[in-house]
file run-v9.cif (mmCIF, C-alpha atoms and all ligand atoms)
data_entry
#
loop_
_atom_site.group_PDB
_atom_site.id
_atom_site.type_symbol
_atom_site.label_atom_id
_atom_site.label_comp_id
_atom_site.auth_asym_id
_atom_site.auth_seq_id
_atom_site.Cartn_x
_atom_site.Cartn_y
_atom_site.Cartn_z
ATOM 1 C CA MET A 1 -4.925 -11.997 -36.634
ATOM 2 C CA ASP A 2 -3.654 -11.464 -40.172
ATOM 3 C CA ILE A 3 -6.235 -9.777 -42.432
ATOM 4 C CA GLU A 4 -5.432 -12.121 -45.332
ATOM 5 C CA PHE A 5 -6.290 -15.091 -43.119
ATOM 6 C CA ILE A 6 -9.457 -13.360 -41.922
ATOM 7 C CA LYS A 7 -10.521 -12.888 -45.546
ATOM 8 C CA THR A 8 -10.330 -16.656 -46.052
ATOM 9 C CA ARG A 9 -12.968 -16.913 -43.312
ATOM 10 C CA LEU A 10 -15.140 -13.789 -43.575
ATOM 11 C CA ALA A 11 -17.064 -13.347 -46.831
ATOM 12 C CA PRO A 12 -17.510 -9.863 -48.385
ATOM 13 C CA CYS A 13 -21.104 -9.890 -47.103
ATOM 14 C CA GLY A 14 -19.691 -10.491 -43.600
ATOM 15 C CA LEU A 15 -20.914 -14.048 -43.077
ATOM 16 C CA HIS A 16 -18.403 -16.376 -41.438
ATOM 17 C CA CYS A 17 -17.548 -19.071 -44.017
ATOM 18 C CA GLY A 18 -15.245 -20.678 -41.446
ATOM 19 C CA LYS A 19 -18.247 -21.450 -39.239
ATOM 20 C CA CYS A 20 -20.395 -22.730 -42.118
ATOM 21 C CA PHE A 21 -21.243 -26.435 -42.124
ATOM 22 C CA ALA A 22 -20.130 -26.592 -45.773
ATOM 23 C CA PHE A 23 -16.636 -25.123 -45.190
ATOM 24 C CA ILE A 24 -13.722 -27.414 -45.950
ATOM 25 C CA ASP A 25 -11.737 -26.459 -42.854
ATOM 26 C CA GLY A 26 -14.497 -25.439 -40.452
ATOM 27 C CA ASP A 27 -15.178 -26.529 -36.884
ATOM 28 C CA ILE A 28 -18.327 -28.383 -37.929
ATOM 29 C CA LYS A 29 -16.459 -30.477 -40.492
ATOM 30 C CA ASN A 30 -13.457 -31.075 -38.257
ATOM 31 C CA TYR A 31 -15.446 -31.991 -35.140
ATOM 32 C CA SER A 32 -17.696 -34.243 -37.224
ATOM 33 C CA ASN A 33 -14.645 -36.162 -38.386
ATOM 34 C CA LYS A 34 -13.436 -36.464 -34.803
ATOM 35 C CA LEU A 35 -16.841 -37.699 -33.667
ATOM 36 C CA LYS A 36 -16.942 -40.199 -36.547
ATOM 37 C CA GLU A 37 -13.552 -41.469 -35.453
ATOM 38 C CA SER A 38 -14.631 -41.737 -31.795
ATOM 39 C CA LEU A 39 -17.815 -43.599 -32.685
ATOM 40 C CA GLY A 40 -15.894 -46.265 -34.610
ATOM 41 C CA ASP A 41 -18.197 -49.209 -35.408
ATOM 42 C CA PHE A 42 -21.045 -47.922 -33.302
ATOM 43 C CA ASP A 43 -23.760 -49.286 -35.634
ATOM 44 C CA ILE A 44 -23.983 -52.664 -34.003
ATOM 45 C CA TYR A 45 -24.009 -51.152 -30.514
ATOM 46 C CA ALA A 46 -26.720 -48.682 -31.466
ATOM 47 C CA LYS A 47 -28.968 -51.632 -32.313
ATOM 48 C CA ARG A 48 -28.106 -53.366 -29.050
ATOM 49 C CA PHE A 49 -28.716 -50.260 -26.936
ATOM 50 C CA VAL A 50 -32.330 -50.044 -28.114
ATOM 51 C CA ASP A 51 -33.158 -53.005 -25.845
ATOM 52 C CA LEU A 52 -30.186 -53.031 -23.507
ATOM 53 C CA ILE A 53 -30.915 -49.615 -22.043
ATOM 54 C CA ASP A 54 -34.467 -49.387 -23.345
ATOM 55 C CA GLU A 55 -33.769 -46.335 -25.493
ATOM 56 C CA PRO A 56 -35.596 -46.254 -28.846
ATOM 57 C CA LEU A 57 -33.657 -43.123 -29.875
ATOM 58 C CA PHE A 58 -30.829 -45.436 -30.944
ATOM 59 C CA ASN A 59 -33.055 -46.628 -33.799
ATOM 60 C CA LYS A 60 -32.274 -43.266 -35.358
ATOM 61 C CA TYR A 61 -28.531 -43.861 -35.361
ATOM 62 C CA PRO A 62 -28.358 -44.611 -39.129
ATOM 63 C CA ASP A 63 -29.889 -41.190 -39.910
ATOM 64 C CA PHE A 64 -27.558 -39.498 -37.453
ATOM 65 C CA LYS A 65 -24.608 -41.310 -39.006
ATOM 66 C CA SER A 66 -25.611 -40.164 -42.509
ATOM 67 C CA LEU A 67 -25.845 -36.542 -41.416
ATOM 68 C CA LEU A 68 -22.534 -36.810 -39.574
ATOM 69 C CA ALA A 69 -20.900 -38.234 -42.714
ATOM 70 C CA TYR A 70 -22.379 -35.350 -44.696
ATOM 71 C CA PHE A 71 -20.933 -32.754 -42.305
ATOM 72 C CA ALA A 72 -17.603 -34.589 -42.256
ATOM 73 C CA SER A 73 -17.290 -34.430 -46.051
ATOM 74 C CA ALA A 74 -17.799 -30.660 -46.424
ATOM 75 C CA GLY A 75 -15.704 -29.256 -49.248
ATOM 76 C CA CYS A 76 -16.475 -25.579 -49.882
ATOM 77 C CA ALA A 77 -13.357 -23.403 -50.047
ATOM 78 C CA GLY A 78 -15.290 -20.273 -49.067
ATOM 79 C CA CYS A 79 -16.999 -17.393 -50.769
ATOM 80 C CA ARG A 80 -13.926 -15.687 -52.137
ATOM 81 C CA LYS A 81 -12.841 -18.863 -53.914
ATOM 82 C CA GLU A 82 -16.042 -20.419 -55.180
ATOM 83 C CA GLN A 83 -19.785 -20.006 -55.605
ATOM 84 C CA CYS A 84 -21.680 -20.246 -52.331
ATOM 85 C CA LYS A 85 -23.561 -23.528 -51.983
ATOM 86 C CA LEU A 86 -26.188 -22.009 -49.702
ATOM 87 C CA PHE A 87 -27.116 -18.681 -51.262
ATOM 88 C CA LYS A 88 -27.145 -19.328 -54.980
ATOM 89 C CA ASP A 89 -28.561 -15.886 -55.824
ATOM 90 C CA CYS A 90 -25.759 -14.062 -54.019
ATOM 91 C CA LYS A 91 -24.632 -11.021 -56.017
ATOM 92 C CA VAL A 92 -22.059 -9.829 -53.489
ATOM 93 C CA LYS A 93 -19.338 -12.257 -54.538
ATOM 94 C CA GLU A 94 -18.928 -10.659 -57.975
ATOM 95 C CA CYS A 95 -20.090 -7.201 -56.987
ATOM 96 C CA HIS A 96 -17.416 -6.561 -54.360
ATOM 97 C CA VAL A 97 -14.721 -7.299 -56.951
ATOM 98 C CA LYS A 98 -16.266 -4.775 -59.373
ATOM 99 C CA GLN A 99 -16.516 -2.231 -56.584
ATOM 100 C CA GLY A 100 -12.914 -2.913 -55.560
ATOM 101 C CA VAL A 101 -13.678 -3.562 -51.886
ATOM 102 C CA ASP A 102 -13.022 -6.466 -49.504
ATOM 103 C CA PHE A 103 -16.276 -5.977 -47.580
ATOM 104 C CA CYS A 104 -19.588 -4.296 -48.348
ATOM 105 C CA PHE A 105 -19.184 -1.646 -45.663
ATOM 106 C CA GLN A 106 -16.174 -0.271 -47.576
ATOM 107 C CA CYS A 107 -18.362 0.324 -50.646
ATOM 108 C CA SER A 108 -19.807 3.758 -51.453
ATOM 109 C CA GLU A 109 -23.198 2.132 -52.169
ATOM 110 C CA PHE A 110 -23.480 0.388 -48.803
ATOM 111 C CA PRO A 111 -26.119 -0.490 -47.740
ATOM 112 C CA CYS A 112 -27.450 -1.330 -51.200
ATOM 113 C CA ASP A 113 -30.538 -3.265 -52.272
ATOM 114 C CA HIS A 114 -28.928 -5.629 -54.762
ATOM 115 C CA THR A 115 -27.192 -8.231 -52.634
ATOM 116 C CA GLY A 116 -29.540 -10.896 -54.004
ATOM 117 C CA PHE A 117 -30.278 -12.033 -50.445
ATOM 118 C CA ASP A 118 -33.636 -12.671 -48.855
ATOM 119 C CA GLN A 119 -34.845 -10.198 -46.236
ATOM 120 C CA HIS A 120 -33.366 -12.094 -43.288
ATOM 121 C CA LEU A 121 -29.885 -12.496 -44.757
ATOM 122 C CA HIS A 122 -29.892 -8.985 -46.221
ATOM 123 C CA GLN A 123 -30.498 -7.513 -42.762
ATOM 124 C CA ARG A 124 -27.934 -9.817 -41.176
ATOM 125 C CA SER A 125 -25.333 -8.731 -43.705
ATOM 126 C CA ILE A 126 -26.069 -5.043 -43.046
ATOM 127 C CA ASP A 127 -25.803 -5.531 -39.276
ATOM 128 C CA ILE A 128 -22.502 -7.407 -39.563
ATOM 129 C CA ASN A 129 -21.041 -4.812 -41.936
ATOM 130 C CA LYS A 130 -22.084 -1.944 -39.688
ATOM 131 C CA ARG A 131 -20.348 -3.658 -36.804
ATOM 132 C CA MET A 132 -17.183 -4.192 -38.869
ATOM 133 C CA LYS A 133 -17.243 -0.539 -39.845
ATOM 134 C CA GLU A 134 -17.660 0.470 -36.212
ATOM 135 C CA ILE A 135 -14.888 -1.602 -34.619
ATOM 136 C CA GLY A 136 -12.746 -2.741 -37.568
ATOM 137 C CA VAL A 137 -12.535 -6.080 -39.334
ATOM 138 C CA GLU A 138 -9.932 -7.652 -37.045
ATOM 139 C CA SER A 139 -11.772 -6.715 -33.857
ATOM 140 C CA TYR A 140 -15.018 -7.978 -35.345
ATOM 141 C CA TYR A 141 -13.344 -11.279 -36.242
ATOM 142 C CA ASN A 142 -12.019 -11.645 -32.694
ATOM 143 C CA GLU A 143 -15.434 -10.754 -31.306
ATOM 144 C CA ILE A 144 -17.165 -13.613 -33.118
ATOM 145 C CA LYS A 145 -14.448 -16.191 -33.600
ATOM 146 C CA ASP A 146 -15.617 -18.380 -30.703
ATOM 147 C CA LYS A 147 -19.334 -17.955 -31.319
ATOM 148 C CA ALA A 148 -21.594 -20.296 -33.269
ATOM 149 C CA ARG A 149 -22.736 -19.055 -36.659
ATOM 150 C CA TYR A 150 -26.199 -20.569 -36.366
HETATM 151 S S1 LIG B 1 -19.277 -19.811 -49.635
HETATM 152 FE FE1 LIG B 1 -21.330 -20.296 -48.771
HETATM 153 S S2 LIG B 1 -21.348 -22.548 -48.648
HETATM 154 FE FE2 LIG B 1 -19.218 -21.937 -48.883
HETATM 155 S S3 LIG B 1 -18.419 -21.792 -46.788
HETATM 156 FE FE3 LIG B 1 -19.129 -19.725 -47.365
HETATM 157 S S4 LIG B 1 -21.257 -19.585 -46.627
HETATM 158 FE FE4 LIG B 1 -20.681 -21.761 -46.653
HETATM 159 S S1 LIG B 2 -22.895 -2.565 -54.253
HETATM 160 FE FE1 LIG B 2 -23.895 -3.588 -52.516
HETATM 161 S S2 LIG B 2 -23.394 -5.781 -52.782
HETATM 162 FE FE2 LIG B 2 -21.977 -4.624 -54.058
HETATM 163 S S3 LIG B 2 -20.139 -4.349 -52.758
HETATM 164 FE FE3 LIG B 2 -21.453 -2.504 -52.553
HETATM 165 S S4 LIG B 2 -22.696 -2.902 -50.740
HETATM 166 FE FE4 LIG B 2 -21.848 -4.904 -51.392
#
call {"tool": "encode", "arguments": {"input": "run-v9.cif", "output": "structure tokens", "more": "lines below"}}
Ligand code: SF4
Ligand code: SF4
result
Amino acid sequence: MDIEFIKTRLAPCGLHCGKCFAFIDGDIKNYSNKLKESLGDFDIYAKRFVDLIDEPLFNKYPDFKSLLAYFASAGCAGCRKEQCKLFKDCKVKECHVKQGVDFCFQCSEFPCDHTGFDQHLHQRSIDINKRMKEIGVESYYNEIKDKARY
């Protein structure tokens, strides 16, 4: 896989933007649109199925539909192009440019304590970067490309 393509998916911190629910061309967005299409005008049937098959879960269809529409409208172009919608205190986006590296593991200060992340994400970023350093960015991308991010 071409490294320039991989960089449109993997953020400098190592997180996979392509697997993020907010990513404009991610699986979650694309499958949500497909599911929306397949469901068509399901609203009226959802109401009917409450009694028809005695399943009260269908009362929740409007909430499910709203969340599906939200996933289907994701529009983030990824960390290297715009500010992350999830981690607003992220310092890595600007820092990696100043340090002149594509990923944190390539930086002389790695692992640093000024990513701006909470403890959980900070550790996750370190683990991912160590793995990229160990096997290379392309192999890491291939290793995780079919796995869920969450
Ligand atoms: S920049 Fe943040 S919100 Fe956007 S796709 Fe990447 S992880 Fe998701
Ligand atoms: S200083 Fe820290 S956040 Fe910045 S590029 Fe280096 S390792 Fe990443």
call {"tool": "closest_atom_pairs", "arguments": {"input": "run-v9.cif", "of": "chain A", "to": "ligand LIG 1 (chain B)", "cutoff": "10 Å", "atoms": "all atoms listed in the file", "output": "tab-separated table"}}
result
residue	atom	partner	partner_atom	distance
A:Thr8	CA	B:LIG1	FE3	9.4
A:Arg9	CA	B:LIG1	FE3	7.9
A:Leu10	CA	B:LIG1	FE3	8.1
A:Ala11	CA	B:LIG1	FE3	6.7
A:Cys13	CA	B:LIG1	S4	9.7
A:Gly14	CA	B:LIG1	S4	9.7
A:Leu15	CA	B:LIG1	S4	6.6
A:His16	CA	B:LIG1	S4	6.7
A:Cys17	CA	B:LIG1	FE3	3.8
A:Gly18	CA	B:LIG1	S3	6.3
A:Lys19	CA	B:LIG1	S3	7.6
A:Cys20	CA	B:LIG1	FE4	4.6
A:Phe21	CA	B:LIG1	FE4	6.5
A:Ala22	CA	B:LIG1	FE4	4.9
A:Phe23	CA	B:LIG1	S3	4.1
A:Ile24	CA	B:LIG1	S3	7.4
A:Asp25	CA	B:LIG1	S3	9.1
A:Gly26	CA	B:LIG1	S3	8.3
A:Ala74	CA	B:LIG1	S3	8.9
A:Gly75	CA	B:LIG1	FE2	8.1
A:Cys76	CA	B:LIG1	FE2	4.7
A:Ala77	CA	B:LIG1	FE2	6.2
A:Gly78	CA	B:LIG1	S1	4.1
A:Cys79	CA	B:LIG1	S1	3.5
A:Arg80	CA	B:LIG1	S1	7.2
A:Lys81	CA	B:LIG1	S1	7.8
A:Glu82	CA	B:LIG1	S1	6.4
A:Gln83	CA	B:LIG1	S1	6.0
A:Cys84	CA	B:LIG1	FE1	3.6
A:Lys85	CA	B:LIG1	S2	4.1
A:Leu86	CA	B:LIG1	S2	5.0
A:Phe87	CA	B:LIG1	FE1	6.5
A:Lys88	CA	B:LIG1	FE1	8.6
A:Cys90	CA	B:LIG1	FE1	9.3
A:Lys93	CA	B:LIG1	S1	9.0
call {"tool": "residues_near_ligand", "arguments": {"input": "run-v9.cif", "ligand": "ligand LIG 2 (chain B)", "cutoff": "8 Å", "atoms": "only C-alpha atoms and all ligand atoms", "output": "ChimeraX atom specification"}}
result
/A:12-13,91-101,103-115
call {"tool": "write_last_selection", "arguments": {"input": "run-v9.cif", "atoms": "C-alpha atoms", "output": "mmCIF file, in the coordinates of the input"}}
result
data_model
loop_
_atom_site.group_PDB
_atom_site.id
_atom_site.type_symbol
_atom_site.label_atom_id
_atom_site.label_comp_id
_atom_site.auth_asym_id
_atom_site.auth_seq_id
_atom_site.Cartn_x
_atom_site.Cartn_y
_atom_site.Cartn_z
ATOM 1 C CA PRO A 12 -17.510 -9.863 -48.385
ATOM 2 C CA CYS A 13 -21.104 -9.890 -47.103
ATOM 3 C CA LYS A 91 -24.632 -11.021 -56.017
ATOM 4 C CA VAL A 92 -22.059 -9.829 -53.489
ATOM 5 C CA LYS A 93 -19.338 -12.257 -54.538
ATOM 6 C CA GLU A 94 -18.928 -10.659 -57.975
ATOM 7 C CA CYS A 95 -20.090 -7.201 -56.987
ATOM 8 C CA HIS A 96 -17.416 -6.561 -54.360
ATOM 9 C CA VAL A 97 -14.721 -7.299 -56.951
ATOM 10 C CA LYS A 98 -16.266 -4.775 -59.373
ATOM 11 C CA GLN A 99 -16.516 -2.231 -56.584
ATOM 12 C CA GLY A 100 -12.914 -2.913 -55.560
ATOM 13 C CA VAL A 101 -13.678 -3.562 -51.886
ATOM 14 C CA PHE A 103 -16.276 -5.977 -47.580
ATOM 15 C CA CYS A 104 -19.588 -4.296 -48.348
ATOM 16 C CA PHE A 105 -19.184 -1.646 -45.663
ATOM 17 C CA GLN A 106 -16.174 -0.271 -47.576
ATOM 18 C CA CYS A 107 -18.362 0.324 -50.646
ATOM 19 C CA SER A 108 -19.807 3.758 -51.453
ATOM 20 C CA GLU A 109 -23.198 2.132 -52.169
ATOM 21 C CA PHE A 110 -23.480 0.388 -48.803
ATOM 22 C CA PRO A 111 -26.119 -0.490 -47.740
ATOM 23 C CA CYS A 112 -27.450 -1.330 -51.200
ATOM 24 C CA ASP A 113 -30.538 -3.265 -52.272
ATOM 25 C CA HIS A 114 -28.928 -5.629 -54.762
ATOM 26 C CA THR A 115 -27.192 -8.231 -52.634
#
call {"tool": "resolve_selection", "arguments": {"input": "run-v9.cif", "expression": "the PyMOL selection byres (((chain A and resi 55-66) around 12) and not hetatm)", "output": "CSV table (one decimal) with C-alpha atoms, keeping the file's coordinate frame"}}
result
chain,number,residue,atom,x,y,z
A,32,SER,CA,-17.7,-34.2,-37.2
A,33,ASN,CA,-14.6,-36.2,-38.4
A,35,LEU,CA,-16.8,-37.7,-33.7
A,36,LYS,CA,-16.9,-40.2,-36.5
A,37,GLU,CA,-13.6,-41.5,-35.5
A,39,LEU,CA,-17.8,-43.6,-32.7
A,40,GLY,CA,-15.9,-46.3,-34.6
A,41,ASP,CA,-18.2,-49.2,-35.4
A,42,PHE,CA,-21.0,-47.9,-33.3
A,43,ASP,CA,-23.8,-49.3,-35.6
A,44,ILE,CA,-24.0,-52.7,-34.0
A,45,TYR,CA,-24.0,-51.2,-30.5
A,46,ALA,CA,-26.7,-48.7,-31.5
A,47,LYS,CA,-29.0,-51.6,-32.3
A,48,ARG,CA,-28.1,-53.4,-29.0
A,49,PHE,CA,-28.7,-50.3,-26.9
A,50,VAL,CA,-32.3,-50.0,-28.1
A,51,ASP,CA,-33.2,-53.0,-25.8
A,52,LEU,CA,-30.2,-53.0,-23.5
A,53,ILE,CA,-30.9,-49.6,-22.0
A,54,ASP,CA,-34.5,-49.4,-23.3
A,67,LEU,CA,-25.8,-36.5,-41.4
A,68,LEU,CA,-22.5,-36.8,-39.6
A,69,ALA,CA,-20.9,-38.2,-42.7
A,70,TYR,CA,-22.4,-35.4,-44.7
A,71,PHE,CA,-20.9,-32.8,-42.3
A,72,ALA,CA,-17.6,-34.6,-42.3
A,73,SER,CA,-17.3,-34.4,-46.1
call {"tool": "atom_distance", "arguments": {"input": "run-v9.cif", "atom1": "atom CA of A:Ile6", "atom2": "atom CA of A:Ile144"}}
result
11.7 Å
call {"tool": "atom_distance", "arguments": {"input": "run-v9.cif", "atom1": "atom CA of A:Gly136", "atom2": "atom CA of A:Leu121"}}
result
21.0 Å
call {"tool": "axis_aligned_box", "arguments": {"input": "run-v9.cif", "around": "stretch 125-136 of chain A", "padding_each_side": "5 Å", "output": "JSON"}}
result
{"center_x": -19.4, "center_y": -4.1, "center_z": -39.2, "size_x": 23.3, "size_y": 19.2, "size_z": 19.1}
call {"tool": "resolve_selection", "arguments": {"input": "run-v9.cif", "expression": "the PyMOL selection byres (((chain A and resi 2) around 12) and not hetatm)", "output": "PyMOL selection string"}}
result
chain A and resi 1+3-9+137-139+141-142
call {"tool": "closest_residue", "arguments": {"input": "run-v9.cif", "among": "A:Ser38, A:Gln119, A:Ile28, A:Arg131", "to": "A:Ala148", "atoms": "all atoms listed in the file"}}
result
A:Ile28
call {"tool": "atom_distance", "arguments": {"input": "run-v9.cif", "atom1": "atom CA of A:Asp102", "atom2": "atom CA of A:Lys29"}}
result
25.9 Å
call {"tool": "closest_residue", "arguments": {"input": "run-v9.cif", "among": "A:Asp89, A:Lys34, A:Tyr140, A:Lys147", "to": "A:Gly116", "atoms": "only C-alpha atoms"}}
result
A:Asp89
call {"tool": "decode", "arguments": {"input": "run-v9.cif", "residues": "stretch 37-48 of chain A", "atoms": "all heavy atoms", "output": "PDB file, in the first residue's frame"}}
result
ATOM      1  N   GLU A  37     -29.999   2.986   2.749  1.00  0.00           N
ATOM      2  CA  GLU A  37     -30.579   2.691   1.440  1.00  0.00           C
ATOM      3  C   GLU A  37     -31.416   1.405   1.497  1.00  0.00           C
ATOM      4  O   GLU A  37     -32.527   1.336   0.996  1.00  0.00           O
ATOM      5  CB  GLU A  37     -29.417   2.483   0.472  1.00  0.00           C
ATOM      6  CG  GLU A  37     -29.632   3.016  -0.921  1.00  0.00           C
ATOM      7  CD  GLU A  37     -28.349   2.806  -1.716  1.00  0.00           C
ATOM      8  OE1 GLU A  37     -27.391   3.564  -1.498  1.00  0.00           O
ATOM      9  OE2 GLU A  37     -28.309   1.845  -2.515  1.00  0.00           O
ATOM     10  N   SER A  38     -30.859   0.374   2.160  1.00  0.00           N
ATOM     11  CA  SER A  38     -31.563  -0.915   2.239  1.00  0.00           C
ATOM     12  C   SER A  38     -32.832  -0.824   3.070  1.00  0.00           C
ATOM     13  O   SER A  38     -33.802  -1.537   2.808  1.00  0.00           O
ATOM     14  CB  SER A  38     -30.656  -1.977   2.862  1.00  0.00           C
ATOM     15  OG  SER A  38     -29.555  -2.198   2.058  1.00  0.00           O
ATOM     16  N   LEU A  39     -32.822   0.044   4.077  1.00  0.00           N
ATOM     17  CA  LEU A  39     -34.000   0.159   4.941  1.00  0.00           C
ATOM     18  C   LEU A  39     -35.144   0.900   4.246  1.00  0.00           C
ATOM     19  O   LEU A  39     -36.318   0.663   4.568  1.00  0.00           O
ATOM     20  CB  LEU A  39     -33.629   0.873   6.251  1.00  0.00           C
ATOM     21  CG  LEU A  39     -32.900  -0.008   7.266  1.00  0.00           C
ATOM     22  CD1 LEU A  39     -32.252   0.841   8.362  1.00  0.00           C
ATOM     23  CD2 LEU A  39     -33.840  -1.031   7.882  1.00  0.00           C
ATOM     24  N   GLY A  40     -34.815   1.741   3.291  1.00  0.00           N
ATOM     25  CA  GLY A  40     -35.862   2.466   2.552  1.00  0.00           C
ATOM     26  C   GLY A  40     -36.816   3.181   3.495  1.00  0.00           C
ATOM     27  O   GLY A  40     -36.393   3.860   4.422  1.00  0.00           O
ATOM     28  N   ASP A  41     -38.141   2.979   3.268  1.00  0.00           N
ATOM     29  CA  ASP A  41     -39.143   3.615   4.141  1.00  0.00           C
ATOM     30  C   ASP A  41     -39.557   2.660   5.251  1.00  0.00           C
ATOM     31  O   ASP A  41     -40.717   2.246   5.341  1.00  0.00           O
ATOM     32  CB  ASP A  41     -40.372   4.009   3.310  1.00  0.00           C
ATOM     33  CG  ASP A  41     -40.014   5.071   2.293  1.00  0.00           C
ATOM     34  OD1 ASP A  41     -39.220   5.972   2.637  1.00  0.00           O
ATOM     35  OD2 ASP A  41     -40.516   4.990   1.160  1.00  0.00           O
ATOM     36  N   PHE A  42     -38.593   2.300   6.066  1.00  0.00           N
ATOM     37  CA  PHE A  42     -38.851   1.299   7.101  1.00  0.00           C
ATOM     38  C   PHE A  42     -39.718   1.828   8.244  1.00  0.00           C
ATOM     39  O   PHE A  42     -40.330   1.048   8.971  1.00  0.00           O
ATOM     40  CB  PHE A  42     -37.513   0.792   7.663  1.00  0.00           C
ATOM     41  CG  PHE A  42     -37.609  -0.470   8.468  1.00  0.00           C
ATOM     42  CD1 PHE A  42     -37.713  -1.708   7.840  1.00  0.00           C
ATOM     43  CD2 PHE A  42     -37.619  -0.426   9.862  1.00  0.00           C
ATOM     44  CE1 PHE A  42     -37.814  -2.879   8.584  1.00  0.00           C
ATOM     45  CE2 PHE A  42     -37.716  -1.593  10.614  1.00  0.00           C
ATOM     46  CZ  PHE A  42     -37.818  -2.822   9.976  1.00  0.00           C
ATOM     47  N   ASP A  43     -39.807   3.151   8.382  1.00  0.00           N
ATOM     48  CA  ASP A  43     -40.512   3.744   9.537  1.00  0.00           C
ATOM     49  C   ASP A  43     -41.885   3.129   9.793  1.00  0.00           C
ATOM     50  O   ASP A  43     -42.200   2.716  10.907  1.00  0.00           O
ATOM     51  CB  ASP A  43     -40.709   5.255   9.327  1.00  0.00           C
ATOM     52  CG  ASP A  43     -39.416   5.966   9.031  1.00  0.00           C
ATOM     53  OD1 ASP A  43     -38.840   5.696   7.945  1.00  0.00           O
ATOM     54  OD2 ASP A  43     -38.966   6.743   9.868  1.00  0.00           O
ATOM     55  N   ILE A  44     -42.655   3.069   8.725  1.00  0.00           N
ATOM     56  CA  ILE A  44     -44.026   2.586   8.882  1.00  0.00           C
ATOM     57  C   ILE A  44     -44.061   1.104   9.272  1.00  0.00           C
ATOM     58  O   ILE A  44     -44.902   0.667  10.060  1.00  0.00           O
ATOM     59  CB  ILE A  44     -44.846   2.857   7.593  1.00  0.00           C
ATOM     60  CG1 ILE A  44     -46.315   2.603   7.864  1.00  0.00           C
ATOM     61  CG2 ILE A  44     -44.354   2.066   6.424  1.00  0.00           C
ATOM     62  CD1 ILE A  44     -47.206   3.320   6.889  1.00  0.00           C
ATOM     63  N   TYR A  45     -43.085   0.354   8.759  1.00  0.00           N
ATOM     64  CA  TYR A  45     -43.024  -1.077   9.083  1.00  0.00           C
ATOM     65  C   TYR A  45     -42.553  -1.292  10.517  1.00  0.00           C
ATOM     66  O   TYR A  45     -43.014  -2.200  11.204  1.00  0.00           O
ATOM     67  CB  TYR A  45     -42.103  -1.796   8.095  1.00  0.00           C
ATOM     68  CG  TYR A  45     -42.643  -1.718   6.694  1.00  0.00           C
ATOM     69  CD1 TYR A  45     -42.276  -0.676   5.857  1.00  0.00           C
ATOM     70  CD2 TYR A  45     -43.569  -2.656   6.244  1.00  0.00           C
ATOM     71  CE1 TYR A  45     -42.803  -0.576   4.587  1.00  0.00           C
ATOM     72  CE2 TYR A  45     -44.104  -2.570   4.966  1.00  0.00           C
ATOM     73  CZ  TYR A  45     -43.715  -1.519   4.146  1.00  0.00           C
ATOM     74  OH  TYR A  45     -44.248  -1.418   2.895  1.00  0.00           O
ATOM     75  N   ALA A  46     -41.643  -0.420  10.955  1.00  0.00           N
ATOM     76  CA  ALA A  46     -41.169  -0.523  12.341  1.00  0.00           C
ATOM     77  C   ALA A  46     -42.363  -0.423  13.290  1.00  0.00           C
ATOM     78  O   ALA A  46     -42.492  -1.222  14.229  1.00  0.00           O
ATOM     79  CB  ALA A  46     -40.151   0.572  12.629  1.00  0.00           C
ATOM     80  N   LYS A  47     -43.242   0.523  13.025  1.00  0.00           N
ATOM     81  CA  LYS A  47     -44.436   0.676  13.879  1.00  0.00           C
ATOM     82  C   LYS A  47     -45.292  -0.583  13.816  1.00  0.00           C
ATOM     83  O   LYS A  47     -45.797  -1.061  14.838  1.00  0.00           O
ATOM     84  CB  LYS A  47     -45.272   1.871  13.393  1.00  0.00           C
ATOM     85  CG  LYS A  47     -44.757   3.206  13.879  1.00  0.00           C
ATOM     86  CD  LYS A  47     -45.729   4.302  13.469  1.00  0.00           C
ATOM     87  CE  LYS A  47     -45.057   5.654  13.567  1.00  0.00           C
ATOM     88  NZ  LYS A  47     -45.589   6.637  12.626  1.00  0.00           N
ATOM     89  N   ARG A  48     -45.465  -1.106  12.634  1.00  0.00           N
ATOM     90  CA  ARG A  48     -46.318  -2.303  12.470  1.00  0.00           C
ATOM     91  C   ARG A  48     -45.719  -3.526  13.179  1.00  0.00           C
ATOM     92  O   ARG A  48     -46.435  -4.333  13.757  1.00  0.00           O
ATOM     93  CB  ARG A  48     -46.506  -2.628  10.983  1.00  0.00           C
ATOM     94  CG  ARG A  48     -47.388  -1.627  10.258  1.00  0.00           C
ATOM     95  CD  ARG A  48     -47.525  -1.992   8.807  1.00  0.00           C
ATOM     96  NE  ARG A  48     -48.193  -3.281   8.617  1.00  0.00           N
ATOM     97  CZ  ARG A  48     -48.042  -4.050   7.544  1.00  0.00           C
ATOM     98  NH1 ARG A  48     -47.248  -3.657   6.587  1.00  0.00           N
ATOM     99  NH2 ARG A  48     -48.675  -5.199   7.456  1.00  0.00           N
TER     100      ARG A  48
END
